[in-house]
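Colleague: Here it is, the structure in full.
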Amino acid sequence: MKLDNYVVVSGMSGVHEIVTSRNNGIVIKHIDSGKSTFCSVRKHQFTPLSTVGIYTLEDTEDLSTVFSKMLSIMDKTPPVSTTAPKHEIEEYFEQIIPDYDEDKVYISDMKKVIKWFNFLNERNLLSLEANADEEE
C-alpha cells in the first residue's frame with residue numbers, strides 16, 4: 001500500500017496529496033477538489049502517512065500494514081465510528097493490532113487512524129493488491 005504521497009497538514013482537515021516540495025514548504029493537492037495549495041513550514045506541520053507507526057509491545061507497526069489489516073477485515077468488521085464510546089474503539093483497534101502498546105497509543109491516535117482510513121478508503125485510494133506488490 002503506497003502512502004508515500006499522502007500527508008496530513010496541521011490546521012487543514014483531511015489527507016492531502018503531495019505535489020512537490022520546496023525549501024520553505026510543500027505544495028499539496030486536495031484529493032476531492034484537485035485544488036493545489038502552498039503550505040509554509042512557518043505556519044504548518046506536516047505528517048507524511050508513510051512515516052506514521054503504531055507502537056506495539058515489541059516494536060512499531062507501519063500505517064500501511066495497519067490499513068491492510070483494516071481492509072482485510074472490513075467485510076466482517078467495518079471500522080467503528082470515531083464518535084463511538086472509548087471501549088468500542090479500543091476493542092476494534094485490538095482486533096487490528098492485538099499487541100498495541102496501551103500506554104503509548106492513545107484513544108486520539110486510534111481515532112486518527114480510523115479517520116484517515118475512512119477518508120482514503122471512501123475515495124478508493126487503498127487496495128490490498130498494492131500491498132502484495134510491495135512485499136514481493
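We label chains A, B, ... in the order they appear in the C-alpha cells, count residues from 1 in each chain, and number ligands from 1 in the order shown.
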Hey, what's within 10 Å of Glu102 of chain A if we count only C-alpha atoms and toss same-chain stuff fewer than 5 positions away? As a PDB file with N, CA and C atoms, in the first residue's frame, please?

Modeller:
```
ATOM      1  N   TYR A  55       2.735   2.049  17.956  1.00  0.00           N
ATOM      2  CA  TYR A  55       3.571   1.334  18.914  1.00  0.00           C
ATOM      3  C   TYR A  55       2.935  -0.003  19.302  1.00  0.00           C
ATOM      4  N   THR A  56       3.750  -1.047  19.266  1.00  0.00           N
ATOM      5  CA  THR A  56       3.346  -2.346  19.788  1.00  0.00           C
ATOM      6  C   THR A  56       4.249  -2.657  20.979  1.00  0.00           C
ATOM      7  N   LEU A  57       3.998  -3.770  21.627  1.00  0.00           N
ATOM      8  CA  LEU A  57       4.810  -4.138  22.790  1.00  0.00           C
ATOM      9  C   LEU A  57       6.243  -4.454  22.391  1.00  0.00           C
ATOM     10  N   GLU A  90     -11.384   0.925  21.316  1.00  0.00           N
ATOM     11  CA  GLU A  90     -10.271   0.099  21.789  1.00  0.00           C
ATOM     12  C   GLU A  90     -10.446  -1.365  21.383  1.00  0.00           C
ATOM     13  N   GLU A  94      -7.943  -3.368  18.937  1.00  0.00           N
ATOM     14  CA  GLU A  94      -7.318  -4.600  19.413  1.00  0.00           C
ATOM     15  C   GLU A  94      -7.473  -5.732  18.399  1.00  0.00           C
ATOM     16  N   ILE A 107      -6.378   7.043  22.728  1.00  0.00           N
ATOM     17  CA  ILE A 107      -7.642   6.964  22.002  1.00  0.00           C
ATOM     18  C   ILE A 107      -7.669   7.963  20.848  1.00  0.00           C
TER      19      ILE A 107
END
```

Colleague: Looking only at the backbone, which of the residues in chain A does DSSP tag as helix (DSSP H, G or I), as JSON, numbers by chain?

Modeller: {"A": [49, 50, 51, 63, 64, 65, 66, 67, 68, 69, 70, 71, 72, 86, 87, 88, 89, 90, 91, 92, 93, 94, 95, 96, 107, 108, 109, 110, 111, 112, 113, 114, 115, 116, 117, 118, 119, 120, 121, 122, 128, 129, 130, 131, 132, 133, 134, 135]}

Colleague: With distances taken over only C-alpha atoms, which residue among A:Ser10, A:Thr77, A:Ser127, A:Asn121 lies nearest Thr47 of chain A?

Modeller: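 Selected residue with least distance to Thr47 of chain A: A:Ser10.
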
Colleague: Might you pull out every residue within 9 Å of Leu71 of chain A, with only C-alpha atoms counted and same-chain residues fewer than 5 positions away left off, and present them as a ChimeraX atom specification?

Modeller: /A:66,78,117,121,126-128

Colleague: Report, in Å with one decimal, the straight-line distance from atom CA of Asn5 of chain A to atom CA of Pro98 of chain A.

Modeller: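 These two atoms are separated by 28.1 Å.
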